[in-house]
Structures are given as C-alpha cells and as structure tokens.
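Peer 1: Contents of target21.txt (compact mmCIF, C-alpha atoms and all ligand atoms) are below:
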```txt
# COMPACT_ATOMS: atom_id res chain seq x y z
CA MET A 1 43.99 14.16 130.43
CA GLU A 2 45.39 12.49 127.33
CA ASN A 3 41.99 12.57 125.66
CA LYS A 4 41.76 16.35 125.67
CA LYS A 5 41.32 17.85 122.22
CA HIS A 6 44.25 19.91 120.98
CA ILE A 7 43.58 23.56 120.14
CA VAL A 8 46.33 25.41 118.34
CA PHE A 9 46.34 29.20 118.24
CA LEU A 10 48.25 31.22 115.68
CA THR A 11 48.39 34.75 117.02
CA GLY A 12 49.61 38.06 115.63
CA ALA A 13 49.87 41.69 116.59
CA GLY A 14 46.06 42.05 116.81
CA ILE A 15 45.88 40.02 120.02
CA SER A 16 48.15 42.54 121.75
CA ALA A 17 46.42 45.60 120.25
CA GLU A 18 43.95 45.84 123.17
CA SER A 19 46.95 45.88 125.53
CA GLY A 20 48.18 49.02 123.79
CA ILE A 21 50.84 47.60 121.48
CA SER A 22 50.58 48.91 117.91
CA THR A 23 49.91 46.44 115.12
CA PHE A 24 52.11 46.66 112.02
CA ARG A 25 49.83 47.05 109.02
CA ASP A 26 46.67 48.75 110.35
CA ALA A 27 46.22 52.49 109.76
CA ASP A 28 48.67 54.16 112.17
CA GLY A 29 50.48 50.82 112.49
CA LEU A 30 54.21 50.59 113.20
CA TRP A 31 55.21 50.16 109.57
CA GLU A 32 53.66 53.53 108.75
CA LYS A 33 55.94 55.24 111.26
CA TYR A 34 59.08 53.17 110.76
CA PRO A 35 60.01 51.80 107.32
CA VAL A 36 59.90 48.03 107.69
CA LYS A 37 62.99 47.62 105.50
CA GLN A 38 64.95 49.85 107.86
CA VAL A 39 64.04 48.31 111.23
CA ALA A 40 62.87 44.79 110.44
CA SER A 41 65.15 43.40 107.77
CA ILE A 42 68.63 41.95 107.90
CA GLN A 43 69.56 44.45 105.19
CA GLY A 44 68.42 47.36 107.38
CA TYR A 45 70.54 45.99 110.24
CA ARG A 46 73.58 45.74 107.98
CA GLU A 47 73.09 49.34 106.90
CA ASP A 48 72.51 50.90 110.33
CA ARG A 49 72.98 48.67 113.37
CA GLU A 50 72.53 51.43 115.90
CA LEU A 51 69.16 52.56 114.55
CA VAL A 52 67.80 49.01 114.56
CA ILE A 53 69.19 48.19 118.02
CA ASP A 54 67.70 51.40 119.43
CA PHE A 55 64.28 50.64 117.88
CA TYR A 56 64.11 47.29 119.70
CA ASN A 57 65.59 48.77 122.90
CA SER A 58 62.63 51.13 123.04
CA MET A 59 60.10 48.40 122.16
CA ARG A 60 61.55 46.28 125.00
CA LYS A 61 61.25 49.18 127.43
CA ASN A 62 57.61 49.79 126.42
CA LEU A 63 56.72 46.20 127.22
CA ALA A 64 57.07 46.92 130.92
CA ASN A 65 54.08 49.29 130.68
CA VAL A 66 51.53 46.92 129.12
CA GLU A 67 49.50 44.03 130.47
CA PRO A 68 47.92 40.93 128.93
CA ASN A 69 44.25 41.47 127.95
CA ASP A 70 41.24 39.13 128.03
CA GLY A 71 42.26 37.72 124.64
CA HIS A 72 45.50 36.34 126.10
CA LYS A 73 43.78 35.33 129.34
CA LEU A 74 40.92 33.42 127.71
CA ILE A 75 43.43 31.32 125.76
CA VAL A 76 44.80 30.26 129.15
CA GLU A 77 41.24 29.60 130.42
CA LEU A 78 40.83 27.05 127.63
CA GLU A 79 43.63 24.96 129.17
CA LYS A 80 41.00 23.73 131.70
CA HIS A 81 39.22 21.96 128.87
CA PHE A 82 41.74 21.44 126.07
CA LYS A 83 45.38 20.85 125.36
CA VAL A 84 46.36 24.32 124.13
CA SER A 85 49.38 25.33 122.06
CA VAL A 86 50.13 28.92 121.13
CA ILE A 87 52.21 29.76 118.09
CA THR A 88 52.78 33.48 118.03
CA GLN A 89 54.32 35.91 115.59
CA ASN A 90 54.53 38.41 118.43
CA VAL A 91 57.80 39.32 120.08
CA ASP A 92 56.14 40.53 123.30
CA ASP A 93 55.78 38.35 126.42
CA LEU A 94 52.04 38.79 126.96
CA HIS A 95 51.13 35.13 126.35
CA GLU A 96 53.79 34.19 128.94
CA ARG A 97 52.51 36.72 131.47
CA ALA A 98 48.91 35.60 130.93
CA GLY A 99 50.07 32.09 131.86
CA SER A 100 49.95 30.04 128.65
CA SER A 101 51.97 26.88 129.17
CA ASP A 102 53.01 26.02 125.60
CA ILE A 103 54.22 28.95 123.51
CA THR A 104 56.28 28.93 120.33
CA HIS A 105 57.61 32.27 119.12
CA LEU A 106 58.04 32.37 115.35
CA HIS A 107 59.62 35.82 115.05
CA GLY A 108 61.76 35.94 118.16
CA GLU A 109 61.40 37.57 121.58
CA LEU A 110 62.15 41.09 122.79
CA LEU A 111 63.33 39.76 126.14
CA LYS A 112 66.13 37.75 124.55
CA ILE A 113 69.25 38.95 122.83
CA THR A 114 71.72 37.10 120.69
CA SER A 115 74.78 37.45 118.50
CA THR A 116 75.08 39.06 115.11
CA ARG A 117 77.17 36.22 113.72
CA ASN A 118 75.25 33.19 115.09
CA PRO A 119 71.76 34.43 115.98
CA ASN A 120 70.29 30.95 116.48
CA ASP A 121 73.15 29.49 118.51
CA GLU A 122 71.75 28.65 121.98
CA LYS A 123 75.12 29.56 123.54
CA CYS A 124 74.71 33.14 122.30
CA ILE A 125 71.05 33.66 123.28
CA ARG A 126 70.40 35.15 126.69
CA LYS A 127 67.40 36.53 128.57
CA VAL A 128 67.33 40.20 129.56
CA ASN A 129 65.01 42.50 131.52
CA TYR A 130 62.65 45.13 130.14
CA ASP A 131 65.12 47.93 130.90
CA HIS A 132 68.07 46.27 129.18
CA GLU A 133 69.62 48.35 126.43
CA ILE A 134 71.89 46.76 123.86
CA LYS A 135 74.77 49.09 123.11
CA ILE A 136 77.14 49.16 120.17
CA GLY A 137 80.22 47.30 121.42
CA ASP A 138 78.31 44.79 123.61
CA LYS A 139 79.71 41.37 122.74
CA ALA A 140 77.88 38.04 122.62
CA ALA A 141 79.46 34.71 123.67
CA ASP A 142 80.98 34.29 120.19
CA GLY A 143 82.62 37.73 120.33
CA SER A 144 80.33 39.40 117.80
CA GLN A 145 78.04 42.39 118.41
CA GLU A 146 74.92 41.59 120.46
CA ARG A 147 71.63 42.12 118.62
CA PRO A 148 67.93 41.68 119.35
CA PHE A 149 66.65 38.08 119.14
CA ILE A 150 64.19 38.98 116.40
CA VAL A 151 63.67 37.14 113.12
CA TRP A 152 63.99 39.81 110.46
CA PHE A 153 62.84 39.79 106.87
CA GLY A 154 65.57 38.04 104.90
CA GLU A 155 66.22 35.50 107.68
CA ALA A 156 65.02 31.92 108.09
CA VAL A 157 62.39 31.18 110.75
CA PRO A 158 64.12 28.75 113.14
CA ASN A 159 60.92 27.51 114.83
CA LEU A 160 59.06 26.84 111.59
CA LYS A 161 59.45 23.06 111.61
CA LYS A 162 58.39 22.81 115.25
CA ALA A 163 55.36 25.04 114.54
CA ALA A 164 54.37 22.99 111.49
CA GLU A 165 54.47 19.80 113.58
CA ILE A 166 52.26 21.37 116.24
CA CYS A 167 49.74 22.48 113.58
CA SER A 168 49.57 18.98 112.10
CA THR A 169 48.22 17.64 115.41
CA ALA A 170 45.55 20.34 115.85
CA ASP A 171 41.93 19.24 116.38
CA ILE A 172 40.90 22.90 116.19
CA PHE A 173 42.96 25.74 114.71
CA VAL A 174 42.36 29.37 115.69
CA ILE A 175 43.93 32.41 114.03
CA VAL A 176 43.79 35.57 116.13
CA GLY A 177 44.80 39.07 115.07
CA THR A 178 47.08 38.50 112.12
CA SER A 179 46.76 39.90 108.62
CA LEU A 180 48.35 36.68 107.27
CA ALA A 181 50.55 38.94 105.16
CA VAL A 182 53.84 37.42 106.29
CA TYR A 183 55.18 34.07 105.13
CA PRO A 184 55.94 31.39 106.17
CA ALA A 185 53.66 32.04 109.19
CA ALA A 186 50.65 32.53 106.91
CA MET A 187 51.21 29.03 105.47
CA LEU A 188 50.91 27.21 108.79
CA VAL A 189 47.15 26.75 108.43
CA PHE A 190 47.92 24.41 105.53
CA GLU A 191 49.83 22.13 107.91
CA THR A 192 46.54 21.24 109.65
CA GLN A 193 44.53 18.18 108.64
CA VAL A 194 41.84 18.72 105.97
CA ASP A 195 39.03 18.16 108.46
CA THR A 196 40.42 20.42 111.21
CA PRO A 197 37.98 23.28 111.81
CA VAL A 198 39.61 26.70 111.45
CA TYR A 199 38.41 29.86 113.21
CA ILE A 200 39.56 33.41 112.62
CA ILE A 201 39.13 36.13 115.26
CA ASP A 202 39.76 39.54 113.73
CA PRO A 203 37.60 42.68 113.46
CA ASN A 204 38.67 43.07 109.82
CA ASP A 205 38.65 40.91 106.72
CA VAL A 206 41.57 38.51 106.48
CA PRO A 207 42.71 36.89 103.21
CA VAL A 208 41.94 33.20 103.61
CA ASN A 209 44.07 32.17 100.61
CA GLY A 210 41.97 29.13 99.80
CA PHE A 211 41.15 27.63 103.19
CA VAL A 212 37.72 27.52 104.80
CA ALA A 213 37.30 29.28 108.13
CA THR A 214 34.61 30.50 110.49
CA HIS A 215 35.27 34.21 110.94
CA ILE A 216 34.35 35.74 114.31
CA LYS A 217 34.53 39.35 113.24
CA LYS A 218 35.38 40.90 116.59
CA GLY A 219 38.39 42.16 118.53
CA ALA A 220 40.48 39.62 120.42
CA SER A 221 38.76 39.86 123.84
CA GLU A 222 35.18 39.78 122.58
CA GLY A 223 36.05 37.27 119.90
CA MET A 224 37.71 34.93 122.39
CA LYS A 225 34.62 35.13 124.64
CA GLU A 226 32.47 34.05 121.69
CA LEU A 227 34.88 31.27 120.76
CA LEU A 228 34.85 29.94 124.33
CA GLU A 229 31.05 29.89 124.36
CA ARG A 230 30.92 28.06 121.06
CA LEU A 231 33.59 25.50 121.95
CA LEU A 232 32.35 24.82 125.47
CA ASN A 233 28.75 24.42 124.23
CA VAL A 234 29.93 21.79 121.76
CA GLU A 235 31.98 20.09 124.52
CA ASN A 236 28.96 19.92 126.82
CA GLN A 237 26.61 18.42 124.24
P1 LIG B 301 49.54 42.98 111.17
O1 LIG B 301 49.70 44.36 111.67
O2 LIG B 301 49.95 42.67 109.79
O3 LIG B 301 48.03 42.52 111.34
C1 LIG B 301 47.32 42.78 112.51
C2 LIG B 301 45.96 42.14 112.41
O4 LIG B 301 45.32 42.36 113.66
C3 LIG B 301 45.06 42.72 111.31
O5 LIG B 301 44.43 41.66 110.60
C4 LIG B 301 44.04 43.52 112.10
O6 LIG B 301 42.76 43.55 111.47
C5 LIG B 301 43.98 42.74 113.41
N1 LIG B 301 43.48 43.49 114.58
C6 LIG B 301 43.50 44.81 114.83
N2 LIG B 301 42.96 45.08 116.02
C7 LIG B 301 42.59 43.89 116.56
C8 LIG B 301 41.97 43.50 117.79
N3 LIG B 301 41.62 44.39 118.72
N4 LIG B 301 41.75 42.19 117.99
C9 LIG B 301 42.10 41.27 117.06
N5 LIG B 301 42.68 41.58 115.89
C10 LIG B 301 42.93 42.86 115.64
O7 LIG B 301 50.31 42.05 112.23
P2 LIG B 301 50.82 40.54 112.05
O8 LIG B 301 49.94 39.79 111.14
O9 LIG B 301 51.05 40.00 113.42
O10 LIG B 301 57.22 40.47 111.90
O11 LIG B 301 52.21 40.77 111.35
C11 LIG B 301 53.03 39.66 111.09
C12 LIG B 301 54.48 40.06 111.18
O12 LIG B 301 54.70 41.24 110.39
C13 LIG B 301 54.93 40.48 112.55
O13 LIG B 301 55.28 39.38 113.38
C14 LIG B 301 56.13 41.34 112.27
C15 LIG B 301 55.61 42.10 111.08
O14 LIG B 301 56.54 42.52 110.15
C16 LIG B 301 58.47 40.86 112.13
O15 LIG B 301 58.75 41.93 112.63
C17 LIG B 301 59.51 39.87 111.70
```
Kindly present the structure from the file in structure tokens form.

Peer 2:
Amino acid sequence: MENKKHIVFLTGAGISAESGISTFRDADGLWEKYPVKQVASIQGYREDRELVIDFYNSMRKNLANVEPNDGHKLIVELEKHFKVSVITQNVDDLHERAGSSDITHLHGELLKITSTRNPNDEKCIRKVNYDHEIKIGDKAADGSQERPFIVWFGEAVPNLKKAAEICSTADIFVIVGTSLAVYPAAMLVFETQVDTPVYIIDPNDVPVNGFVATHIKKGASEGMKELLERLLNVENQ
C-alpha cells in the first residue's frame, strides 16, 4: 500500500461542467451573468450582504439537482492503483459524492457556513443542507452575521499551505478544468518537484505559465478515460 504512487489532482469548474454547473470564465459563464466583484469579493459583501448571501443560497439549492460525472468518478477509480489527493477550487460537493477520500477545498464549500467576523474559526464553521438559506440576522457562534464559507477575492486562502505540501509530494500532477486564471491556486503546480510529470485535461487552451505539461485536449470525462488508459498502461509495463 505504502508504495503506491501519489497522484495529485488540481480541479476547477470545468470538471463539474458536465454535471451541469456553469464554469466562471467560459462564454456564458457565471461571471458574465453576475459581476465577480459584486458576488465573489469581500468588497462586494461589504457593500451588499443580502445580494451576496442570496447568490450563494441559490447556488447551494442548485447543488441538490446535479450529480457527479465520469470525470469525478474516474478520479475515485484511480484510488485502486494510486494514492490520490484532490485539491479543488470548486465549492460544490461532487468530489465528495463521487467518493474521493482525500479532498482539500481551496475556495470554500457551499455546504458550510461561517461567521462574518471570524470566517476561518472552526468554532464558527458549521455544515448545512442543500436547502439551507442564510438570512440577514442569522448569527454565528461569535455573534456576527452568518455568511457563506467561500473564499472571496480579497481574502487569504486558508488551505494554501496544506495544498502546497500535498503538491510537493506528487509523483504525478493532473490539472482538470481550470483556466489557471486565479492565484494562488494557479501557482500550485510550481510546488511540485521538477521531474513530476504534469497533465492538463481541458478542451481549451490553458496558459501554462512556464511549466511543461501533456495536454489531453478533451472534456473531463473523456479526458479522464484517456488519462486512466495512459497511466494504467505505464503501470502494467
Ligand atoms: P474557469 O471558469 O476560470 O475555467 C474553467 C475551465 O474549465 C476552462 O479552462 C475551460 O476551458 C474548462 N472546461 C470547460 N468545459 C470543460 C469540460 N467539459 N471538461 C473539462 N474542462 C472544461 O474556472 P476555474 O478555473 O475553476 O473562485 O476558476 C477558478 C476560480 O475562479 C473559482 O474557484 C472561482 C472563480 O472566481 C471563487 O469564486 C473564489
């Protein structure tokens, strides 16, 4: 067991696209419909708490209507052969529902809520159901307004150090469905060792910012099938 190679996945909105969740920056993506500064920045929250809370209330509700796709499921399949860690920028729970055993959320989770004053204080973070609606006036354990447990632009990424450590132990690093437009997540590939092979699964071009990667230019499900074939062929040789 201990000798299993370690595969680390960095996933983004593209892996959940085939489940019916909009990406952010593609044509018709979420940030075309909702200004990112309004609903995904700490400044936007300061300006209009209710609008931001309602946006995430409706995203949370929508989660109940979607299912993990083959992209999520094939990552779990790899656990038969490899030690697998998933670092995700996604706030959905589709990696959890697919059955991945080691998941690190970089940008928070829709199914958790926290406090406005101390968003990273464990005592203030609690799990909620898909139909939970945060209301203005709901108080967290520290007495401040409850808010979504989402890392907004303008806030530090609490799991960054943990994610960087995971990346440094990767034998294989796979980037699935992220435009690598958002930092510090886009920097994590540089935490891998120089000889760690890097794969990208994405139907579109992705800026590689100076690292070398094998690009499987397909959607998440088809791309993951191809990756599995490639990796398992190498394993069996
Ligand atoms: P983006 O919307 O920026 O990028 C989505 C990526 O998925 C693009 O590279 C697409 O080409 C790719 N894609 C589209 N369809 C796909 C499919 N079927 N299979 C695989 N890939 C596909 O989303 P992220 O990179 O995840 O943060 O965005 C990063 C962060 O920006 C998000 O976590 C969010 C956002 O602002 C916060 O809200 C804090």

Peer 1: Using all atoms listed in the file, which residues have at least one atom no more than 9 Å from ligand LIG 301 (chain B)? Output them as a ChimeraX atom specification.

Peer 2: /A:11-19,22-26,29-31,36,39-41,71,88-91,106-108,150-153,155,176-183,185-186,201-207,217-223

Peer 1: Measuring atom to atom with all atoms listed in the file, identify which of A:Asp28, A:Glu122, A:Asp70, A:Glu191 is nearest to A:Leu160.

Peer 2: A:Glu191

Peer 1: Which distance in Å separates atom CA of A:Lys61 and atom CA of A:Phe149, to one decimal?

Peer 2: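 Computed distance, atom CA of A:Lys61 to atom CA of A:Phe149, equals 14.9 Å.
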
Peer 1: Rounded to one decimal, what separation in Å do you get between atom CA of A:Asp121 and atom CA of A:Ala164?

Peer 2: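 Pair atom CA of A:Asp121 / atom CA of A:Ala164 returns 21.1 Å.
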
Peer 1: Just to confirm, what's the straight-line distance from atom CA of A:Glu165 to atom CA of A:Val128 in Å (one decimal)?

Peer 2: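 Separating atom CA of A:Glu165 from atom CA of A:Val128 is a distance of 28.9 Å.
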
Peer 1: Between A:Val174, A:Ile103, A:Ala156, A:Leu232, single out the one closest to A:Ser85, counting all atoms listed in the file.

Peer 2: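 Of A:Val174, A:Ile103, A:Ala156, A:Leu232, the one nearest A:Ser85, counting all atoms listed in the file, is A:Ile103.
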
Peer 1: Give me the residues near A:Arg97 as a list in words, where near means some atom within 10 Å (using all atoms listed in the file) and where sequence neighbours in that chain fewer than 5 positions away do not count.

Peer 2: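 Residues meeting the cut-off are Glu67, Pro68, His72, Lys73 and Asp92 of chain A.
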
Peer 1: Name the closest residue to A:Ile134 among the candidates A:Arg49, A:Lys5, A:Lys161, A:Lys80; distances are taken between atoms, counting all atoms listed in the file.

Peer 2: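 Using all atoms listed in the file, A:Ile134 sits closest to A:Arg49.
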
Peer 1: Which of these, A:Asn57, A:Ile166, A:His105, A:Ile200, has the shortest distance to A:Asp131 once you count only C-alpha atoms?

Peer 2: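 Comparing A:Asn57, A:Ile166, A:His105, A:Ile200 against A:Asp131, the winner is A:Asn57.
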
Peer 1: Given the choices A:Phe190, A:Pro184, A:Gly137, A:Gly154, which gets closest to A:Gln43 if the distance is worked out from all atoms listed in the file?

Peer 2: A:Gly154

Peer 1: Find the residues around A:Val8 up to 8 Å (all atoms listed in the file counted), leave out those fewer than 3 positions away in its own chain, and share them as a VMD selection string.

Peer 2: chain A and resid 84 to 87 166 to 167 170 to 174

Peer 1: Closest to A:Leu74 among A:Lys135, A:Arg60, A:His95, A:Lys33, using all atoms listed in the file?

Peer 2: A:His95

Peer 1: Please output stretch 71-82 of chain A, rebuilt to include all heavy atoms, as a short mmCIF file (atom, residue, chain, number, x, y, z; two decimals), in the coordinates of the input.

Peer 2:
```
data_model
loop_
_atom_site.label_atom_id
_atom_site.label_comp_id
_atom_site.auth_asym_id
_atom_site.auth_seq_id
_atom_site.Cartn_x
_atom_site.Cartn_y
_atom_site.Cartn_z
N GLY A 71 41.94 38.64 125.74
CA GLY A 71 42.26 37.72 124.64
C GLY A 71 43.32 36.73 125.06
O GLY A 71 43.15 35.50 124.95
N HIS A 72 44.43 37.24 125.62
CA HIS A 72 45.50 36.34 126.10
C HIS A 72 44.97 35.44 127.23
O HIS A 72 45.25 34.25 127.27
CB HIS A 72 46.68 37.14 126.66
CG HIS A 72 47.32 38.10 125.70
ND1 HIS A 72 47.04 39.44 125.69
CD2 HIS A 72 48.24 37.91 124.72
CE1 HIS A 72 47.77 40.04 124.76
NE2 HIS A 72 48.50 39.14 124.15
N LYS A 73 44.19 36.06 128.13
CA LYS A 73 43.78 35.33 129.34
C LYS A 73 42.80 34.20 129.01
O LYS A 73 42.83 33.14 129.63
CB LYS A 73 43.15 36.29 130.36
CG LYS A 73 44.18 37.24 130.98
CD LYS A 73 43.52 38.23 131.91
CE LYS A 73 44.45 39.37 132.26
NZ LYS A 73 43.75 40.51 132.85
N LEU A 74 41.92 34.45 128.04
CA LEU A 74 40.92 33.42 127.71
C LEU A 74 41.57 32.22 127.00
O LEU A 74 41.06 31.10 127.06
CB LEU A 74 39.79 34.02 126.88
CG LEU A 74 38.88 34.96 127.70
CD1 LEU A 74 37.89 35.69 126.79
CD2 LEU A 74 38.13 34.20 128.79
N ILE A 75 42.69 32.47 126.34
CA ILE A 75 43.43 31.32 125.76
C ILE A 75 43.90 30.41 126.90
O ILE A 75 43.82 29.19 126.81
CB ILE A 75 44.61 31.82 124.89
CG1 ILE A 75 44.10 32.50 123.62
CG2 ILE A 75 45.55 30.65 124.54
CD1 ILE A 75 45.17 33.04 122.69
N VAL A 76 44.35 31.04 127.99
CA VAL A 76 44.80 30.26 129.15
C VAL A 76 43.61 29.52 129.78
O VAL A 76 43.71 28.34 130.16
CB VAL A 76 45.47 31.18 130.20
CG1 VAL A 76 45.97 30.37 131.38
CG2 VAL A 76 46.61 31.96 129.56
N GLU A 77 42.47 30.20 129.87
CA GLU A 77 41.24 29.60 130.42
C GLU A 77 40.90 28.28 129.70
O GLU A 77 40.47 27.32 130.32
CB GLU A 77 40.11 30.63 130.25
CG GLU A 77 38.74 30.23 130.73
CD GLU A 77 38.63 30.17 132.24
OE1 GLU A 77 39.48 30.78 132.92
OE2 GLU A 77 37.71 29.48 132.72
N LEU A 78 41.15 28.25 128.41
CA LEU A 78 40.83 27.05 127.63
C LEU A 78 41.66 25.84 128.06
O LEU A 78 41.30 24.70 127.75
CB LEU A 78 41.04 27.33 126.14
CG LEU A 78 39.89 28.05 125.43
CD1 LEU A 78 40.30 28.45 124.02
CD2 LEU A 78 38.64 27.16 125.37
N GLU A 79 42.79 26.09 128.75
CA GLU A 79 43.63 24.96 129.17
C GLU A 79 42.89 24.06 130.18
O GLU A 79 43.29 22.92 130.40
CB GLU A 79 44.96 25.46 129.77
CG GLU A 79 45.85 26.10 128.72
CD GLU A 79 47.29 26.32 129.17
OE1 GLU A 79 47.71 25.73 130.19
OE2 GLU A 79 48.00 27.09 128.49
N LYS A 80 41.79 24.58 130.79
CA LYS A 80 41.00 23.73 131.70
C LYS A 80 40.28 22.63 130.93
O LYS A 80 39.90 21.61 131.48
CB LYS A 80 39.94 24.59 132.42
CG LYS A 80 40.52 25.54 133.43
CD LYS A 80 39.38 26.29 134.11
CE LYS A 80 39.93 27.38 135.01
NZ LYS A 80 38.97 28.49 135.15
N HIS A 81 40.05 22.88 129.65
CA HIS A 81 39.22 21.96 128.87
C HIS A 81 39.97 21.29 127.72
O HIS A 81 39.53 20.27 127.20
CB HIS A 81 38.03 22.71 128.27
CG HIS A 81 37.28 23.52 129.28
ND1 HIS A 81 36.26 22.98 130.03
CD2 HIS A 81 37.43 24.80 129.69
CE1 HIS A 81 35.80 23.92 130.85
NE2 HIS A 81 36.49 25.02 130.67
N PHE A 82 41.04 21.91 127.27
CA PHE A 82 41.74 21.44 126.07
C PHE A 82 43.25 21.42 126.31
O PHE A 82 43.75 22.11 127.20
CB PHE A 82 41.49 22.40 124.89
CG PHE A 82 40.05 22.51 124.47
CD1 PHE A 82 39.21 23.46 125.04
CD2 PHE A 82 39.53 21.67 123.49
CE1 PHE A 82 37.89 23.58 124.64
CE2 PHE A 82 38.20 21.79 123.08
CZ PHE A 82 37.38 22.75 123.66
#
```
